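*Asks:* The structure follows.
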Amino acid sequence: GWQPAFTRGKLRHGRDGGILRLLGRPSRFPLACRAHCVTASPAVVTVFRDAVNEHGIPASVLSDNGAVFTARFKGGRNAFQTELASLHVVMKNSRPYHPQTCGKVERFWQTLKQWLRAQPVPWTLTELNTLLDSFPHYYNHHRPHTACGNKPPITRLTNLPGQYT
């Protein structure tokens with residue numbers, strides 16, 4: 001299954017960009033990572049579709065209860081939930097106020113933000129997205145990951161085909 005998440009990224013002039021990311025749960029392999037000016041459910045759909053085009057349709061998605069991922073507490077369905085349903089992808093949400101379910105997401109953000117701090121601060125979302133495009137190569141191919149036996153996630157993906165879907 002896949003795990004989407006959202007955080008903020010800083011631009012040089014003080015503005016933020018919303019960063020959406022999809023992570024392959026068993027492999028820890030980042031499947032997609034994009035910054036958007038306005039982060040709402042349609043932006044999540046765009047990032048999700050890009051990942052589906054590259055990696056195929058996942059069996060399930062596990063997310064927190066953020067409004068960009070679910071409208072279940074409002075008794076409705078947002079664009080992301082509609083997209084998942086149309087593809088027959090099982091939607092799973094963490095329990096409210098139980099951040100441990102999505103702990104690997106928080107660890108990923110910590111690594112990404114530490115890496116971004118070591119880069120020139122971007123002026124624009126385009127520059128931030130260029131940085132985000134280069135991060136997965138570092139993360140997947142070079143950085144040792146404790147959940148992968150202190151090897152990069154690519155080794156886990158190679159050793160366990162299909163684990164990222």
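Here, A, B, ... name the chains of the structure tokens in the order displayed, residue numbers run from 1 inside each chain, and ligands are numbered from 1 in the same displayed order.
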Run DSSP on the backbone and give me the residues of range 74-146 of chain A it puts in helix (DSSP H, G or I), as a count of residues only.

*Replies:* 46

*Asks:* Excluding Asn93 in chain A and any residue of its chain fewer than 4 positions from it, enumerate the residues within 9 Å of it, using only C-alpha atoms, and give them as a list in words.

*Replies:*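 Result of the neighbour search: Val61, Leu62, Ser63, Asp64, Asn65, Phe69 and Thr70 of chain A.
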
*Asks:* I'd like to know which of A:Ala85, A:Ala40, A:Ala59, A:Ile154 is closest to His137 in chain A, using only C-alpha atoms.

*Replies:* A:Ile154

*Asks:* With only C-alpha atoms as the counted atoms, please give the residues lying no more than 10 Å from range 121-128 of chain A, apart from itself and same-chain residues fewer than 2 positions off, as a list of chain:residue names.

*Replies:*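 In the requested format, the answer is A:Gly9, A:Lys10, A:Leu11, A:Arg12, A:His13, A:Gly14, A:Arg15, A:Asp16, A:Gly17, A:Gly18, A:Ile19, A:Arg34, A:Ala35, A:His36, A:Cys37, A:Leu116, A:Arg117, A:Ala118, A:Gln119, A:Thr130, A:Leu131, A:Leu132, A:Asp133.
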
*Asks:* Quick one: pull the distance between CA of Glu54 in chain A and CA of Arg77 in chain A, Å, one decimal.

*Replies:* 25.6 Å

*Asks:* With only C-alpha atoms as the basis for distance, which of A:Thr82, A:Ala51, A:Gly56, A:Val105 is at the shortest distance from Phe6 in chain A?

*Replies:*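 Between A:Thr82, A:Ala51, A:Gly56, A:Val105, the residue approaching Phe6 in chain A most closely is A:Val105.
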
*Asks:* Can you tell me, as a compact mmCIF listing (two decimals) with all heavy atoms, in the first residue's frame, which residues in chain A count as strand (DSSP E or B) by DSSP?

*Replies:*
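The file below, out.txt, is the result:
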# COMPACT_ATOMS: atom_id res chain seq x y z
N TRP A 2 0.21 2.35 -0.27
CA TRP A 2 0.87 3.65 -0.31
C TRP A 2 0.40 4.49 0.87
O TRP A 2 -0.68 4.29 1.40
CB TRP A 2 0.55 4.40 -1.59
CG TRP A 2 1.08 3.77 -2.84
CD1 TRP A 2 1.85 2.63 -2.95
CD2 TRP A 2 0.87 4.23 -4.16
NE1 TRP A 2 2.13 2.37 -4.26
CE2 TRP A 2 1.53 3.34 -5.04
CE3 TRP A 2 0.19 5.30 -4.70
CZ2 TRP A 2 1.54 3.51 -6.42
CZ3 TRP A 2 0.19 5.47 -6.08
CH2 TRP A 2 0.86 4.59 -6.92
N GLN A 3 1.24 5.45 1.23
CA GLN A 3 0.91 6.33 2.33
C GLN A 3 1.16 7.78 1.92
O GLN A 3 2.30 8.20 1.77
CB GLN A 3 1.75 5.97 3.55
CG GLN A 3 1.25 6.57 4.81
CD GLN A 3 1.85 5.91 6.03
OE1 GLN A 3 2.63 4.98 5.94
NE2 GLN A 3 1.49 6.42 7.18
N PRO A 4 0.08 8.56 1.70
CA PRO A 4 0.26 9.97 1.37
C PRO A 4 0.43 10.81 2.64
O PRO A 4 -0.03 10.41 3.72
CB PRO A 4 -1.05 10.33 0.67
CG PRO A 4 -2.06 9.42 1.29
CD PRO A 4 -1.32 8.15 1.64
N ALA A 5 1.10 11.93 2.50
CA ALA A 5 1.26 12.84 3.63
C ALA A 5 1.49 14.25 3.10
O ALA A 5 1.81 14.45 1.93
CB ALA A 5 2.42 12.41 4.52
N PHE A 6 1.36 15.21 3.98
CA PHE A 6 1.45 16.62 3.64
C PHE A 6 2.29 17.35 4.69
O PHE A 6 2.21 17.05 5.88
CB PHE A 6 0.03 17.20 3.61
CG PHE A 6 -0.03 18.69 3.63
CD1 PHE A 6 0.19 19.41 2.48
CD2 PHE A 6 -0.30 19.38 4.80
CE1 PHE A 6 0.14 20.80 2.49
CE2 PHE A 6 -0.35 20.76 4.82
CZ PHE A 6 -0.13 21.46 3.65
N THR A 7 3.14 18.27 4.24
CA THR A 7 3.88 19.16 5.13
C THR A 7 4.10 20.49 4.41
O THR A 7 3.71 20.66 3.26
CB THR A 7 5.22 18.54 5.59
OG1 THR A 7 5.74 19.29 6.68
CG2 THR A 7 6.24 18.51 4.46
N ARG A 8 4.72 21.43 5.07
CA ARG A 8 5.01 22.74 4.49
C ARG A 8 6.49 22.82 4.13
O ARG A 8 7.33 22.28 4.85
CB ARG A 8 4.70 23.88 5.47
CG ARG A 8 3.34 23.88 6.11
CD ARG A 8 2.14 24.10 5.26
NE ARG A 8 2.04 25.34 4.55
CZ ARG A 8 1.24 25.48 3.50
NH1 ARG A 8 0.53 24.48 3.06
NH2 ARG A 8 1.15 26.62 2.89
N GLY A 9 6.79 23.51 3.05
CA GLY A 9 8.17 23.77 2.63
C GLY A 9 8.38 25.26 2.53
O GLY A 9 7.53 25.98 2.03
N LYS A 10 9.49 25.74 3.03
CA LYS A 10 9.78 27.18 3.04
C LYS A 10 10.44 27.64 1.74
O LYS A 10 11.29 26.95 1.19
CB LYS A 10 10.73 27.53 4.20
CG LYS A 10 10.14 27.29 5.56
CD LYS A 10 9.14 28.36 5.90
CE LYS A 10 8.61 28.15 7.30
NZ LYS A 10 7.44 28.92 7.55
N ASP A 16 5.26 29.84 2.01
CA ASP A 16 5.29 28.39 2.13
C ASP A 16 4.76 27.76 0.85
O ASP A 16 3.97 28.35 0.13
CB ASP A 16 4.37 27.91 3.26
CG ASP A 16 4.95 28.10 4.63
OD1 ASP A 16 6.13 28.48 4.72
OD2 ASP A 16 4.24 27.86 5.61
N GLY A 17 5.19 26.53 0.63
CA GLY A 17 4.58 25.69 -0.38
C GLY A 17 4.15 24.41 0.32
O GLY A 17 4.85 23.92 1.21
N GLY A 18 2.99 23.90 -0.02
CA GLY A 18 2.54 22.65 0.56
C GLY A 18 3.18 21.49 -0.18
O GLY A 18 3.12 21.42 -1.40
N ILE A 19 3.83 20.59 0.55
CA ILE A 19 4.49 19.44 -0.07
C ILE A 19 3.64 18.21 0.18
O ILE A 19 3.34 17.86 1.32
CB ILE A 19 5.91 19.24 0.50
CG1 ILE A 19 6.77 20.48 0.25
CG2 ILE A 19 6.54 18.00 -0.13
CD1 ILE A 19 8.14 20.41 0.91
N LEU A 20 3.26 17.55 -0.91
CA LEU A 20 2.52 16.29 -0.86
C LEU A 20 3.48 15.18 -1.25
O LEU A 20 4.24 15.32 -2.20
CB LEU A 20 1.35 16.31 -1.82
CG LEU A 20 0.24 17.29 -1.48
CD1 LEU A 20 -0.66 17.51 -2.68
CD2 LEU A 20 -0.56 16.74 -0.31
N ARG A 21 3.39 14.07 -0.54
CA ARG A 21 4.28 12.96 -0.79
C ARG A 21 3.53 11.65 -0.69
O ARG A 21 2.65 11.48 0.13
CB ARG A 21 5.42 13.02 0.23
CG ARG A 21 6.54 12.11 -0.04
CD ARG A 21 6.53 10.79 0.71
NE ARG A 21 6.15 10.84 2.08
CZ ARG A 21 5.09 10.21 2.57
NH1 ARG A 21 4.32 9.50 1.79
NH2 ARG A 21 4.78 10.27 3.83
N LEU A 22 3.89 10.69 -1.57
CA LEU A 22 3.38 9.32 -1.50
C LEU A 22 4.57 8.41 -1.23
O LEU A 22 5.57 8.46 -1.94
CB LEU A 22 2.72 8.91 -2.82
CG LEU A 22 1.35 9.46 -3.09
CD1 LEU A 22 0.97 9.25 -4.55
CD2 LEU A 22 0.33 8.80 -2.18
N LEU A 23 4.44 7.59 -0.22
CA LEU A 23 5.51 6.68 0.19
C LEU A 23 5.00 5.25 0.07
O LEU A 23 3.87 4.96 0.50
CB LEU A 23 5.89 6.97 1.64
CG LEU A 23 7.13 6.34 2.23
CD1 LEU A 23 8.38 6.89 1.58
CD2 LEU A 23 7.18 6.61 3.74
N GLY A 24 5.80 4.36 -0.51
CA GLY A 24 5.46 2.94 -0.52
C GLY A 24 5.66 2.41 0.89
O GLY A 24 6.76 2.52 1.44
N PRO A 30 9.97 6.49 -1.75
CA PRO A 30 9.14 7.65 -2.13
C PRO A 30 8.68 7.52 -3.58
O PRO A 30 9.49 7.38 -4.48
CB PRO A 30 10.07 8.84 -1.97
CG PRO A 30 11.21 8.37 -1.16
CD PRO A 30 11.32 6.89 -1.42
N LEU A 31 7.39 7.51 -3.78
CA LEU A 31 6.83 7.33 -5.12
C LEU A 31 6.56 8.65 -5.83
O LEU A 31 6.62 8.72 -7.05
CB LEU A 31 5.52 6.54 -5.01
CG LEU A 31 5.65 5.17 -4.33
CD1 LEU A 31 4.29 4.62 -3.97
CD2 LEU A 31 6.43 4.22 -5.21
N ALA A 32 6.25 9.68 -5.07
CA ALA A 32 5.98 11.00 -5.64
C ALA A 32 6.13 12.04 -4.55
O ALA A 32 5.85 11.77 -3.39
CB ALA A 32 4.57 11.06 -6.22
N CYS A 33 6.57 13.24 -4.95
CA CYS A 33 6.73 14.34 -3.99
C CYS A 33 6.65 15.64 -4.77
O CYS A 33 7.49 15.90 -5.63
CB CYS A 33 8.07 14.21 -3.28
SG CYS A 33 8.21 15.18 -1.78
N ARG A 34 5.61 16.45 -4.52
CA ARG A 34 5.39 17.70 -5.26
C ARG A 34 4.97 18.81 -4.31
O ARG A 34 4.21 18.59 -3.38
CB ARG A 34 4.27 17.56 -6.30
CG ARG A 34 4.45 16.52 -7.35
CD ARG A 34 5.66 16.60 -8.23
NE ARG A 34 5.84 17.81 -8.97
CZ ARG A 34 7.05 18.26 -9.32
NH1 ARG A 34 8.13 17.63 -8.97
NH2 ARG A 34 7.17 19.34 -10.03
N ALA A 35 5.41 20.01 -4.62
CA ALA A 35 5.00 21.20 -3.88
C ALA A 35 3.91 21.92 -4.67
O ALA A 35 3.97 22.00 -5.90
CB ALA A 35 6.18 22.14 -3.65
N HIS A 36 2.92 22.41 -3.96
CA HIS A 36 1.80 23.15 -4.56
C HIS A 36 1.58 24.42 -3.75
O HIS A 36 1.81 24.45 -2.55
CB HIS A 36 0.51 22.33 -4.53
CG HIS A 36 0.56 21.12 -5.40
ND1 HIS A 36 0.10 21.12 -6.68
CD2 HIS A 36 1.03 19.87 -5.16
CE1 HIS A 36 0.28 19.93 -7.21
NE2 HIS A 36 0.84 19.15 -6.31
N SER A 60 -4.03 -0.46 -1.68
CA SER A 60 -4.60 0.35 -0.59
C SER A 60 -3.79 1.61 -0.38
O SER A 60 -2.65 1.72 -0.84
CB SER A 60 -4.64 -0.46 0.71
OG SER A 60 -3.32 -0.75 1.14
N VAL A 61 -4.40 2.55 0.34
CA VAL A 61 -3.77 3.80 0.74
C VAL A 61 -4.09 4.01 2.22
O VAL A 61 -5.24 3.86 2.64
CB VAL A 61 -4.30 4.98 -0.11
CG1 VAL A 61 -3.89 6.31 0.48
CG2 VAL A 61 -3.85 4.87 -1.55
N LEU A 62 -3.06 4.33 3.00
CA LEU A 62 -3.22 4.63 4.43
C LEU A 62 -2.83 6.08 4.65
O LEU A 62 -1.72 6.48 4.33
CB LEU A 62 -2.33 3.73 5.28
CG LEU A 62 -2.21 4.09 6.77
CD1 LEU A 62 -3.54 3.90 7.48
CD2 LEU A 62 -1.11 3.28 7.43
N SER A 63 -3.76 6.88 5.19
CA SER A 63 -3.45 8.29 5.45
C SER A 63 -3.93 8.69 6.83
O SER A 63 -4.70 7.98 7.47
CB SER A 63 -4.12 9.19 4.40
OG SER A 63 -5.51 9.29 4.63
N VAL A 90 -8.47 0.49 -1.76
CA VAL A 90 -8.99 0.52 -0.40
C VAL A 90 -8.38 1.70 0.34
O VAL A 90 -7.16 1.85 0.38
CB VAL A 90 -8.67 -0.80 0.35
CG1 VAL A 90 -9.12 -0.73 1.80
CG2 VAL A 90 -9.30 -1.99 -0.37
N MET A 91 -9.25 2.54 0.92
CA MET A 91 -8.80 3.70 1.70
C MET A 91 -8.81 3.33 3.18
O MET A 91 -9.83 2.88 3.70
CB MET A 91 -9.73 4.88 1.46
CG MET A 91 -9.48 6.07 2.34
SD MET A 91 -8.54 7.25 1.41
CE MET A 91 -8.31 8.55 2.58
N LYS A 92 -7.67 3.54 3.82
CA LYS A 92 -7.55 3.31 5.26
C LYS A 92 -7.10 4.61 5.90
O LYS A 92 -6.26 5.31 5.35
CB LYS A 92 -6.53 2.21 5.55
CG LYS A 92 -6.83 0.89 4.90
CD LYS A 92 -5.70 -0.09 5.10
CE LYS A 92 -5.95 -1.39 4.37
NZ LYS A 92 -4.83 -2.33 4.50
N ASN A 93 -7.65 4.91 7.07
CA ASN A 93 -7.25 6.11 7.81
C ASN A 93 -6.76 5.71 9.18
O ASN A 93 -7.31 4.79 9.79
CB ASN A 93 -8.41 7.10 7.94
CG ASN A 93 -8.86 7.62 6.61
OD1 ASN A 93 -9.85 7.16 6.07
ND2 ASN A 93 -8.14 8.56 6.06
N HIS A 145 18.87 3.26 5.52
CA HIS A 145 17.60 3.36 6.23
C HIS A 145 17.52 2.23 7.24
O HIS A 145 17.67 1.06 6.89
CB HIS A 145 16.45 3.26 5.22
CG HIS A 145 15.14 3.73 5.75
ND1 HIS A 145 14.50 3.11 6.79
CD2 HIS A 145 14.35 4.75 5.39
CE1 HIS A 145 13.37 3.73 7.05
NE2 HIS A 145 13.26 4.74 6.20
N LYS A 151 20.38 -0.29 4.82
CA LYS A 151 20.65 -0.22 3.38
C LYS A 151 19.64 0.75 2.79
O LYS A 151 18.59 1.00 3.36
CB LYS A 151 20.48 -1.60 2.75
CG LYS A 151 21.50 -2.60 3.24
CD LYS A 151 21.28 -3.94 2.61
CE LYS A 151 22.31 -4.92 3.17
NZ LYS A 151 22.04 -6.27 2.72

*Asks:* Work out how far CA of Trp109 in chain A is from CA of Pro144 in chain A, in Å to one decimal.

*Replies:* 15.5 Å

*Asks:* When you count only C-alpha atoms, which of these residues is closest to Gln114 in chain A: A:Arg95, A:His141, A:Ile57, A:Phe135?

*Replies:*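 Of A:Arg95, A:His141, A:Ile57, A:Phe135, the one nearest Gln114 in chain A is A:Phe135, counting only C-alpha atoms.
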
*Asks:* Distance CA of Gly149 in chain A-CA of Pro58 in chain A, one decimal place?

*Replies:*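 Straight-line distance from CA of Gly149 in chain A to CA of Pro58 in chain A works out to 24.5 Å.
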